[in-house]
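Read through the structure below, which is laid out as C-alpha cells, and then see the notes.
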Amino acid sequence: MLAADKNDKLMRVGPGTLMGTWMRRFWLPALLEEEISEPDGPPAKVRLLGEDFIAFRDTDGRVGLVEAYCAHRLAPLFLGRNEECGIRCVYHGWKFDVDGRCVDMPNEPADSRYKEKISIRALPTIVAGGVVWAYLGPAELKPLRPSALEWTLLPAGHVVVSKRLQENNWAQSVEGAIDSSHVSFLHREWDNVMDPDGTPRRVPKRIAAQVLDDEDQLDFVRRMAADGAPSFRVRPSDFGFWIGARRSTTEPGEFYWRITPFLVPFYTIIPPGTTRLSAATTMDGHAFVPIDDVNTWTYNISWRVDRPFTAKELAHMRGELGTHSLTDADYRPYQNPRNLWGLDRQLQRSTSFTGIVNANTQDRAIQEGMGPMVDRSREHLGTADTAIIAFRRLLLRGAEDLARGKEPETPQQARAFAVRSASVLLPEEDAFDVAAGTALQAFVRPE
Amino acid sequence: MLAADKNDKLMRVGPGTLMGTWMRRFWLPALLEEEISEPDGPPAKVRLLGEDFIAFRDTDGRVGLVEAYCAHRLAPLFLGRNEECGIRCVYHGWKFDVDGRCVDMPNEPADSRYKEKISIRALPTIVAGGVVWAYLGPAELKPLRPSALEWTLLPAGHVVVSKRLQENNWAQSVEGAIDSSHVSFLHREWDNVMDPDGTPRRVPKRIAAQVLDDEDQLDFVRRMAADGAPSFRVRPSDFGFWIGARRSTTEPGEFYWRITPFLVPFYTIIPPGTTRLSAATTMDGHAFVPIDDVNTWTYNISWRVDRPFTAKELAHMRGELGTHSLTDADYRPYQNPRNLWGLDRQLQRSTSFTGIVNANTQDRAIQEGMGPMVDRSREHLGTADTAIIAFRRLLLRGAEDLARGKEPETPQQARAFAVRSASVLLPEEDAFDVAAGTALQAFVRPE
Amino acid sequence: MLAADKNDKLMRVGPGTLMGTWMRRFWLPALLEEEISEPDGPPAKVRLLGEDFIAFRDTDGRVGLVEAYCAHRLAPLFLGRNEECGIRCVYHGWKFDVDGRCVDMPNEPADSRYKEKISIRALPTIVAGGVVWAYLGPAELKPLRPSALEWTLLPAGHVVVSKRLQENNWAQSVEGAIDSSHVSFLHREWDNVMDPDGTPRRVPKRIAAQVLDDEDQLDFVRRMAADGAPSFRVRPSDFGFWIGARRSTTEPGEFYWRITPFLVPFYTIIPPGTTRLSAATTMDGHAFVPIDDVNTWTYNISWRVDRPFTAKELAHMRGELGTHSLTDADYRPYQNPRNLWGLDRQLQRSTSFTGIVNANTQDRAIQEGMGPMVDRSREHLGTADTAIIAFRRLLLRGAEDLARGKEPETPQQARAFAVRSASVLLPEEDAFDVAAGTALQAFVRPE
C-alpha cells in the first residue's frame with residue numbers, strides 16, 4: 001500500500017506538480033512520426049503531461065511542436081494552415097514557425113514590427129524510432145538526446161511503433177508492465193491448449209494459431225505453467241532497475257529467469273518467450289506516456305536488429321492477436337470500457353482466462369478497470385510485488401530529491417538505456433543481472 | 001417546503017451520512033435474483049447507497065456480494081472468473097469465497113500463509129421474493145430477516161419482480177408513490193375513453209385494451225373521475241404509516257377509500273383498482289432503492305396469492321402498458337430523459353393527460369424531470385401532501401434519533417410488514433385503518 | 001489582454017453577477033416566435049442567462065414565459081398541457097396563466113382559496129421581428145420596448161431570423177462579430193477563384209456559385225484582397241459604438257470603409273458587400289444571447305425593406321452556404337466540435353482558407369475552438385483589435401457603474417438603435433460616422 005498523499009504525488013504530472021516537474025527533465029515521446037508524416041500536411045493535436053500543443057511538419061520537413069492556441073486572441077492553431085514553413089492561424093493569418101516565432105502578421109500594417117515581439121511556446125523536438133520526442137523542461141538542463149533505447153537507433157523497417165489510448169493514470173500502466181507475476185494468470189490462454197501430457201487439444205483456431213505454430217511459444221507456455229509463483233529480485237541500475245523473475249524448472253539447480261528492465265520514467269522491455277536470444281529475436285517494449293492525470297498513451301514497440309520485418313510479420317503484429325492491434329484514427333481502441341473490452345464470458349469459460357482477446361487488451365482492461373486513479377492506500381501487496389514497490393520508491397525519491405534542489409542524473413545518461421530484456425536459464429543467483437551478462441546488452445548502441 | 005439543510009439530510013445516503021447510516025440498519029434489495037441465476041455464471045455489478053460491490057452465485061448455489069475490487073492491487077473483480085466456489089481475480093488469480101475470505105493466492109509461494117490474513121468485505125445476503133437482499137450495517141445489529149412483505153413469502157410463479165433505473169434521488173420516487181392525489185391527473189387516460197354518459201368512444205386500441213376490457217378498471221376510472229380532490233389522513237403504524245385517500249361517492253355517508261401503506265425505508269403497495277378484494281387480487285408494490293444520491297433502482301413487484309400467474313398475464317405485465325415494461329439488458333428504460341420519455345404531444349391532446357405511454361413511465365418522467373435532487377425549499381405544499389410531509393418527518397426523525405444514539409426498532413419488527421393496501425367503501429372515519437380491518441392484512445404472513 | 005478578474009466579470013451572466021445584473025436591464029431575445037407558433041401548442045424550453053423557463057402561446061395567442069418548474073412540488077412544466085389559457089402541470093393539474101398566476105388547483109378542495117396565494121415567476125414579453133423578447137430585470141425599470149433595431153420593425157416576410165447553438169461564452173461570439181479584420185482571412189474563399197489578373201478559375205461549383213454569379217460579391221472579393229490590414233477607428237454612440245474599418249483602394253485619397261455598429265449588449269450588423277446601398281440591400285445582423293456562461297444562442301437575422309424575400313432567396317439563405325444554415329430541431333448545428341465543424345483539409349489546400357464550409361460555421365469554429373471561456377489574460381492584441389478593446393471597456397464600465405448605483409441609460413433609448421451598417425467610399429476621415437451620414441440610418445424607424 002501507499003499512503004494517500006504519496007499516491008497522489010506519484011500520479012499527478014501537470015505543470016508544477018512534484019512528479020510532473022521531475023518528468024519534465026527527460027525527453028518524452030510526444031507523438032508518432034506518422035501523425036505528421038507529410039510536409040505541409042495537417043497538424044496533429046498533442047496533449048502531454050496535461051498541457052496542450054499542436055505538432056506539424058513544415059515545408060522543409062522540420063517538426064514543430066508548439067502551444068495549441070494563437071498568441072493573438074487564442075484561436076485554435078489546430079484549425080490552422082500548415083504552409084510555407086509555418087503554421088498559419090486561420091483567424092487573422094498570424095503565422096508561426098517551428099521555433100514558435102511569429103513570422104507573418106498580415107492584419108497589421110505592412111511596416112509594423114509588432115511580430116518581432118510575438119512568439120508562442122515551442123518545444124525542442126527530436127525524431128527517432130518513429131517517434132517525435134519533446135523536451136518540456138528548463139532549456140539549460142536539456143539533455144543532448146533522448147535515452148538510447150535500442151529501438152530508437154534502428155533504421156525504419158526494423159521498428160514497428162504504435163500507440164493506443166488508455167483511460168487511466170500512467171502509473172497504473174507502468175505497474176502492470178513491470179509485474180511479471182500476472183503473466184501466468186491474466187494472459188493464460190493455454191490451459192486448454194494442451195492436455196497435461198502435452199498433447200495439443202482442439203481449440204479455437206485463433207488461439208491455436210498463436211500458440212501451436214510456434215515452438216518458442218510452446219516452450220514459453222510450458223515454462224509458465226510449470227511455476228505460477230515466481231520469486232522476484234530487483235537490482236538497481238543507472239537507467240532504473242532490473243527485475244528478475246525466477247521460476248523453477250525440471251532441472252535441479254537450474255532456474256528459468258525472465259529479466260525485465262524498468263527504465264525511468266516509464267519504459268519497459270518484455271522478456272522474449274524464447275531463451276534462444278540473438279539479433280534475430282523480436283523484442284517488444286512499452287512506453288506509458290501521461291496525456292494527463294487520467295489518460296495515458298501506451299506506446300507499443302517491436303523491433304529486430306538483423307533485418308527489417310516482413311509484410312507477413314507486420315500483418316500478424318497488427319492482427320487481432322498482435323501487439324499493435326487496431327484502433328480508430330484517433331488511436332482509441334475499439335475494445336474499451338464502454339463495451340467491457342469485448343469480454344466474452346463463454347470464451348472465459350473455455351479457452352481464455354479472461355475472456356478478453358489480445359494480451360494488450362487484457363492488460364488495459366485491468367488497468368482501466370481499476371478506475372482512473374487507483375487508491376493504493378487500500379492495497380495488500382505480496383512477495384510478487386517487489387518491482388512495484390521499487391518503482392514507487394525510485395520515482396518518488398527522484399521527484400522529492402529534485403524538489404529539494406537535487407537535479408536527477410539519469411536524463412543525462414542516455415547510453416545507460418542501451419539494454420535488453422532476456423529469458424535465460426541460470427543457477428539461483430541474486431546477481432542475476434551480472435550472471436545474465438551480455439544477454440542484457442543492446443545489440444545496437446549509440447556511437 | 002423543507003429547509004435546504006433538512007432536504008440534504010433527507011436525500012444523501014452515502015457512507016457516513018445521516019440517512020445513509022439509518023438506512024444501513026435495514027435489509028435492502030441489492031439486485032434481482034435473475035441477475036445471478038446460474039451457479040458459476042457471470043458476476044453482476046451492484047451499486048448500493050453509493051458503494052460498489054459485485055454479486056455472484058457460487059458452484060454450490062450460494063450468493064456472494066463482495067466489494068468490487070480485489071484486495072491485492074484493486075483490479076476489478078467484475079472481470080473475474082466465477083469458479084469452484086469463489087470469484088477469482090483475473091489479474092493474479094487471487095480467489096475469494098462468498099464470505100470474502102481469500103481462499104487461493106496462486107502467485108505466492110506454495111507454503112505462504114499470507115492468504116489467511118486477506119479478505120474483502122462481504123455483505124450478508126438472503127434471497128426472497130426473487131430478490132437478493134443485503135445488510136450493510138453493523139454485524140451485531142443485523143435483523144434476523146428482511147421485512148416480511150407479503151411478496152417476499154410467496155413461491156416463485158406467484159411473484160413478478162422487475163427493476164428499472166431512475167436518474168433521480170430515491171426520495172423523489174418515494175414521494176411520487178405515496179402521493180395518491182396525482183393518480184387523478186398524471187395517469188388520466190380516460191377522459192376521452194367514454195362520453196359523459198359513460199358510453200365508450202373510439203380510442204387508440206392500446207388505451208382501449210387497457211381500460212374497456214376490464215370491469216374493475218372501468219369502475220376505477222369512474223370513481224377517480226368522480227372526485228379529483230380526495231382528502232388525506234395519515235395513521236402511524238409499526239412499519240411506517242397508513243395513508244387514507246378519501247373520495248366522495250354517489251351514496252351519502254359512503255366514501256371510497258384508497259389506503260396505501262408506506263413501509264420504511266422505501267416501500268409502498270398500490271391500492272387495487274377494485275373494491276372486490278380477495279386472494280385472487282393482483283397486488284402491485286414498489287421499492288425505491290438508492291443506487292447513490294442521484295440514481296435509484298425502482299423495483300416493481302406484482303403478486304397474487306391464490307395461484308401462479310398465467311403466461312397471458314405475464315405477457316400483459318411485460319407489455320407496453322404493463323407494470324414491468326421493457327428495459328435494456330442493464331435495466332435502463334428505453335423511454336428516458338434523452339428522448340423525453342417518448343412524449344407524444346398529439347397523444348397528449350387526444351387521449352392521454354401526459355402524452356406519455358405507461359403509468360410507470362409517467363411517474364418516472366415527473367420524478368426524473370424534477371432534476372436529480374429537487375430543491376424542496378422552493379415547494380408550496382397543499383392539503384393533499386399530508387403523506388409527503390409525514391414521510392419526511394418520519395425518516396428524518398428516525399435518522400436523527402439514531403445519530404443521537406437511539407437505535408431504530410423497525411428493522412427488528414419484520415412481522416409488522418405483513419400488510420396490504422386496499423380500496424374500500426367506508427363511512428367517514430379518521431380511523432380508516434381500523435375500519436378497513438382485515439382488508440389491510442396480508443394473506444400470507446411469516447410463520 | 002484582460003486581467004483574469006476582469007475577464008471573469010466580462011463573461012459571467014448568471015443571477016447576481018456583475019455583467020448579468022447589467023444585462024438584465026435590457027429586453028433580451030428569449031426564443032424564436034416559431035418555437036411557440038401555435039396557440040395551445042407544445043411549450044418550449046428556454047434557458048436565458050443561466051435561468052430556466054418555459055414558453056407557451058395560450059389559447060388567445062398570448063405568450064407566456066414562466067419559470068420551468070411548478071410551484072407545488074417542482075414538477076417540470078415543460079411536460080405540461082397547454083390548454084384553455086394556461087399551462088397545466090401534469091402531476092396534479094395545477095394551472096398557470098401567462099402572468100404566472102395559479103388559475104386552477106384541482107387537487108385541492110373545491111372551496112379552497114389556496115391558489116390565490118400561488119404564482120410562478122412570469123417574465124414580461126414582447127413579440128417583434130420573429131423573436132419573443134423578455135425582460136428579466138426589476139419591474140419598475142422595465143423599458144417601454146426592446147431596442148428599435150430595424151429588423152424588429154418590419155412585417156413578416158421581410159425578415160428571416162434563425163438561431164443556432166454555440167458552445168462558448170457569448171462574449172467570444174460578440175468579439176468575433178465586431179472584428180472586421182478577420183474577414184480578409186477566415187472567410188477567404190477567393191484566392192483560387194481568380195487569377196492575379198482577375199480571370200475566374202475552375203473552382204468547386206459551390207464556391208463558384210457563391211462568388212462568381214454575383215457582381216457585388218466579386219467587387220467585395222477584390223476590395224478585401226486589395227488590403228488585408230485595414231486600420232480601425234471606433235466612435236462612441238448612444239447605442240454603443242461605430243467601428244470603421246478603412247481599407248486602401250486604387251484611387252488616391254479614397255478609402256473603402258466598412259462600418260459596423262456594435263449595439264449593447266450583444267448586437268451587430270454586418271456591412272453589406274456592395275457599396276450600392278438602398279432599401280433593396282439585404283442586411284444581415286446578429287444577436288449573441290447568453291444561454292449561460294458556456295453556451296450562446298447566435299441569432300442570425302436577414303432583412304430587406306423594399307419587399308419580402310422571394311422563395312428562391314429564402315432557399316439560398318437556408319442552403320449550405322447561406323446565413324441560416326441547417327441545424328437539427330433543437331437548433332444544434334450539424335457541423336460542431338464533435339466533427340471538427342466538417343473541416344476538410346483537402347478543401348483547405350485548394351479553395352478555402354479554413355477548409356470549413358459556410359462563413360457562419362467558420363466563425364463558430366474559431367469561437368468554439370477557443371474553449372468555452374477563453375483566458376484573455378494570455379492574449380496579445382494588435383492595432384486591429386481596437387473594437388475588441390472598446391467592447392470590453394464599454395460593457396465593464398456599464399456594469400461596474402450599475403454596481404455602484406448608476407443605472408444605465410441605454411435600455412431606455414430604444415430609438416437610438418435605428419441604425420444600419422454600411423460599406424462606403426470616403427476620404428480619410430476620423431469622423432467616418434458623420435461622413436457616412438444617412439447611409440448609417442435605418443430606413444424604417446419607430447414611430
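Letters A, B, ... mark the chains of the C-alpha cells in the order given; residue numbers begin at 1 per chain; ligand numbers begin at 1, in order shown.
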Counting only C-alpha atoms, which residues of chain C sit at most 7 Å from some atom of chain A, and what is each one's closest atom pair with its distance in Å to one decimal, listed by chain and rising residue number, as CSV?
```
residue,atom,partner,partner_atom,distance
C:Ser181,CA,A:Asn107,CA,6.5
C:His182,CA,A:His92,CA,4.9
C:Phe185,CA,A:His92,CA,5.5
C:Leu186,CA,A:Tyr91,CA,5.0
C:Gly228,CA,A:Asn107,CA,5.7
C:Ala229,CA,A:Asn107,CA,4.1
C:Arg345,CA,A:Pro42,CA,6.8
C:Phe353,CA,A:Val90,CA,6.8
C:Thr354,CA,A:Val90,CA,6.1
C:Ile366,CA,A:Ala75,CA,5.8
C:Gly369,CA,A:Pro76,CA,5.6
C:Met370,CA,A:Ala75,CA,5.2
C:Glu379,CA,A:Arg73,CA,5.2
C:His380,CA,A:His72,CA,4.6
C:Leu381,CA,A:His72,CA,5.7
C:Thr383,CA,A:Glu108,CA,6.6
C:Ala384,CA,A:Glu108,CA,6.7
```
Produce a file of the selected residues containing C-alpha atoms, as a PDB file, in the first residue's frame.
```pdb
ATOM      1  CA  SER C 181     -10.020  42.299 -39.524  1.00  0.00           C
ATOM      2  CA  HIS C 182     -10.681  38.562 -39.701  1.00  0.00           C
ATOM      3  CA  PHE C 185      -8.592  35.751 -43.651  1.00  0.00           C
ATOM      4  CA  LEU C 186     -11.085  33.447 -42.010  1.00  0.00           C
ATOM      5  CA  GLY C 228      -5.602  42.747 -45.734  1.00  0.00           C
ATOM      6  CA  ALA C 229      -4.576  45.133 -42.987  1.00  0.00           C
ATOM      7  CA  ARG C 345      -8.019  19.530 -45.204  1.00  0.00           C
ATOM      8  CA  PHE C 353      -8.699  29.382 -46.276  1.00  0.00           C
ATOM      9  CA  THR C 354     -10.194  27.260 -43.500  1.00  0.00           C
ATOM     10  CA  ILE C 366     -12.946  29.715 -34.097  1.00  0.00           C
ATOM     11  CA  GLY C 369     -12.378  26.160 -30.727  1.00  0.00           C
ATOM     12  CA  MET C 370     -11.052  28.721 -28.224  1.00  0.00           C
ATOM     13  CA  GLU C 379      -3.742  37.481 -25.435  1.00  0.00           C
ATOM     14  CA  HIS C 380      -1.517  39.788 -27.459  1.00  0.00           C
ATOM     15  CA  LEU C 381      -3.763  42.357 -29.090  1.00  0.00           C
ATOM     16  CA  THR C 383      -3.827  47.570 -33.794  1.00  0.00           C
ATOM     17  CA  ALA C 384      -6.690  45.762 -35.493  1.00  0.00           C
TER      18      ALA C 384
END
```
Practice item. Name the residues in contact with Phe443 (chain C) at a cut-off of 8 Å, using only C-alpha atoms, excluding same-chain residues fewer than 3 positions from it; report them as a ChimeraX atom specification. Key: /C:150,279,305
Review point. Just how far from CA of Ile389 (chain A) is CA of Pro146 (chain A), in Å to one decimal?
Key: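 Interatomic distance here is 26.0 Å.
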Review point. Looking at C:Met283, C:Ala44, C:Ile126, C:Ala329, which one is nearest to Phe309 (chain C), with distances taken over only C-alpha atoms?
Key: C:Met283
Exercise for review: For Glu409 (chain C), work out the shell of residues within 10 Å, counting only C-alpha atoms and skipping chain neighbours fewer than 6 positions away, then give it as a count of residues only.
Suggested key: 4
**Study point:** Nearest residue to Gln413 (chain A) from the set A:Trp303, A:Ala431, A:Arg145, A:Glu38 (distances using only C-alpha atoms)
**Key:** A:Arg145
Check your understanding: Nearest to Ala226 (chain B): which of B:Thr268, B:Ser325, B:Asn300, B:Thr250 is it, counting only C-alpha atoms?
Key ->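 Between B:Thr268, B:Ser325, B:Asn300, B:Thr250, the residue approaching Ala226 (chain B) most closely is B:Thr250.
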Exercise for review: Rank nothing, just name the residue among C:Tyr256, C:Asn339, C:Ser147, C:Lys406 nearest to Ala418 (chain C), using only C-alpha atoms.
Suggested key: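 Of all the options, C:Ser147 lies closest to Ala418 (chain C).
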Review point. By how many Å are CA of Gly129 (chain A) and CA of Pro308 (chain A) apart?
Key: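 Rounded to one decimal, the two atoms are 13.3 Å apart.
CA of Leu141 (chain A) to CA of Met11 (chain A) spans 23.5 Å [interatomic distance, one decimal].
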Check your understanding: If you count only C-alpha atoms, which residues fall within 12 Å of Pro408 (chain C), apart from same-chain ones fewer than 2 positions away, as JSON, numbers by chain?
Key -> {"C": [21, 22, 23, 24, 25, 26, 141, 142, 143, 238, 239, 240, 264, 265, 394, 395, 396, 397, 398, 399, 400, 401, 402, 403, 404, 405, 406, 410, 411, 412, 413]}
Review point. Region 4-178 of chain A: which residues are strand (DSSP E or B) by DSSP, as a PyMOL selection string?
Key: chain A and resi 27-32+44-48+51-57+63-67+69+76+81-82+87-88+95-96+101-104+119+122+125-128+131-135+159-166
**Study point:** Residue nearest Thr59 (chain B) - candidates B:Leu321, B:Ala287, B:Ile36, B:Ala122, atoms counted: only C-alpha atoms
**Key:**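 For Thr59 (chain B), the nearest of the candidates is B:Ile36.
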Review point. Excluding same-chain residues fewer than 3 positions from Glu67 (chain C), what lies within 8 Å of it counting only C-alpha atoms, as a list in words?
Key: Asp52, Phe53, Ile54, Cys70, Ile120, Arg121 and Ala122 of chain C
For the residues in the current selection, export all heavy atoms as a PDB file, in the first residue's frame.
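Contents of selection.pdb, as written:
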```
ATOM      1  N   ASP C  52     -33.784  28.974 -15.997  1.00  0.00           N
ATOM      2  CA  ASP C  52     -34.627  28.095 -16.804  1.00  0.00           C
ATOM      3  C   ASP C  52     -36.093  28.509 -16.779  1.00  0.00           C
ATOM      4  O   ASP C  52     -36.672  28.729 -15.719  1.00  0.00           O
ATOM      5  CB  ASP C  52     -34.496  26.655 -16.298  1.00  0.00           C
ATOM      6  CG  ASP C  52     -33.141  26.071 -16.644  1.00  0.00           C
ATOM      7  OD1 ASP C  52     -32.759  26.178 -17.814  1.00  0.00           O
ATOM      8  OD2 ASP C  52     -32.472  25.533 -15.739  1.00  0.00           O
ATOM      9  N   PHE C  53     -36.658  28.568 -17.974  1.00  0.00           N
ATOM     10  CA  PHE C  53     -38.054  28.945 -18.152  1.00  0.00           C
ATOM     11  C   PHE C  53     -38.709  27.995 -19.157  1.00  0.00           C
ATOM     12  O   PHE C  53     -38.029  27.200 -19.803  1.00  0.00           O
ATOM     13  CB  PHE C  53     -38.150  30.379 -18.703  1.00  0.00           C
ATOM     14  CG  PHE C  53     -37.435  31.402 -17.869  1.00  0.00           C
ATOM     15  CD1 PHE C  53     -36.106  31.748 -18.149  1.00  0.00           C
ATOM     16  CD2 PHE C  53     -38.063  32.009 -16.793  1.00  0.00           C
ATOM     17  CE1 PHE C  53     -35.439  32.686 -17.369  1.00  0.00           C
ATOM     18  CE2 PHE C  53     -37.397  32.944 -16.008  1.00  0.00           C
ATOM     19  CZ  PHE C  53     -36.083  33.277 -16.289  1.00  0.00           C
ATOM     20  N   ILE C  54     -40.037  28.113 -19.272  1.00  0.00           N
ATOM     21  CA  ILE C  54     -40.694  27.551 -20.449  1.00  0.00           C
ATOM     22  C   ILE C  54     -41.568  28.634 -21.057  1.00  0.00           C
ATOM     23  O   ILE C  54     -42.096  29.509 -20.369  1.00  0.00           O
ATOM     24  CB  ILE C  54     -41.535  26.290 -20.165  1.00  0.00           C
ATOM     25  CG1 ILE C  54     -42.688  26.625 -19.231  1.00  0.00           C
ATOM     26  CG2 ILE C  54     -40.683  25.144 -19.648  1.00  0.00           C
ATOM     27  CD1 ILE C  54     -43.841  25.670 -19.426  1.00  0.00           C
ATOM     28  N   CYS C  70     -43.131  23.723 -11.572  1.00  0.00           N
ATOM     29  CA  CYS C  70     -44.392  24.018 -10.895  1.00  0.00           C
ATOM     30  C   CYS C  70     -44.124  24.467  -9.460  1.00  0.00           C
ATOM     31  O   CYS C  70     -43.245  23.935  -8.772  1.00  0.00           O
ATOM     32  CB  CYS C  70     -45.273  22.781 -10.916  1.00  0.00           C
ATOM     33  SG  CYS C  70     -46.862  23.007 -10.083  1.00  0.00           S
ATOM     34  N   ILE C 120     -46.149  31.656 -10.106  1.00  0.00           N
ATOM     35  CA  ILE C 120     -44.769  31.391 -10.502  1.00  0.00           C
ATOM     36  C   ILE C 120     -44.248  32.624 -11.224  1.00  0.00           C
ATOM     37  O   ILE C 120     -45.019  33.455 -11.722  1.00  0.00           O
ATOM     38  CB  ILE C 120     -44.637  30.143 -11.391  1.00  0.00           C
ATOM     39  CG1 ILE C 120     -45.558  30.232 -12.605  1.00  0.00           C
ATOM     40  CG2 ILE C 120     -44.908  28.880 -10.584  1.00  0.00           C
ATOM     41  CD1 ILE C 120     -45.421  29.050 -13.547  1.00  0.00           C
ATOM     42  N   ARG C 121     -42.938  32.722 -11.268  1.00  0.00           N
ATOM     43  CA  ARG C 121     -42.336  33.867 -11.924  1.00  0.00           C
ATOM     44  C   ARG C 121     -42.709  33.861 -13.406  1.00  0.00           C
ATOM     45  O   ARG C 121     -42.589  32.838 -14.089  1.00  0.00           O
ATOM     46  CB  ARG C 121     -40.813  33.782 -11.769  1.00  0.00           C
ATOM     47  CG  ARG C 121     -40.093  34.998 -12.320  1.00  0.00           C
ATOM     48  CD  ARG C 121     -38.603  34.881 -12.078  1.00  0.00           C
ATOM     49  NE  ARG C 121     -37.855  35.938 -12.691  1.00  0.00           N
ATOM     50  CZ  ARG C 121     -36.570  35.860 -13.006  1.00  0.00           C
ATOM     51  NH1 ARG C 121     -35.895  34.753 -12.723  1.00  0.00           N
ATOM     52  NH2 ARG C 121     -35.950  36.871 -13.579  1.00  0.00           N
ATOM     53  N   ALA C 122     -43.172  34.998 -13.893  1.00  0.00           N
ATOM     54  CA  ALA C 122     -43.501  35.149 -15.320  1.00  0.00           C
ATOM     55  C   ALA C 122     -42.797  36.390 -15.817  1.00  0.00           C
ATOM     56  O   ALA C 122     -42.859  37.448 -15.181  1.00  0.00           O
ATOM     57  CB  ALA C 122     -45.007  35.279 -15.503  1.00  0.00           C
TER      58      ALA C 122
END
```
Exercise for review: Fewer than 6 positions away in the same chain doesn't count, so skip those; otherwise give me all residues within 8 Å of Asp227 (chain B), counting only C-alpha atoms, as an MDAnalysis selection string.
Suggested key: chainID B and resid 247:249
Output N, CA and C atoms for every residue in that selection, as a compact mmCIF listing (two decimals), in the first residue's frame.
```
# COMPACT_ATOMS: atom_id res chain seq x y z
N ARG B 247 -62.39 9.65 -1.12
CA ARG B 247 -63.10 10.33 -2.20
C ARG B 247 -64.61 10.16 -2.01
N SER B 248 -65.34 11.17 -2.44
CA SER B 248 -66.81 11.09 -2.38
C SER B 248 -67.34 10.04 -3.35
N THR B 249 -68.49 9.50 -3.03
CA THR B 249 -69.20 8.60 -3.96
C THR B 249 -70.59 9.18 -4.18
```
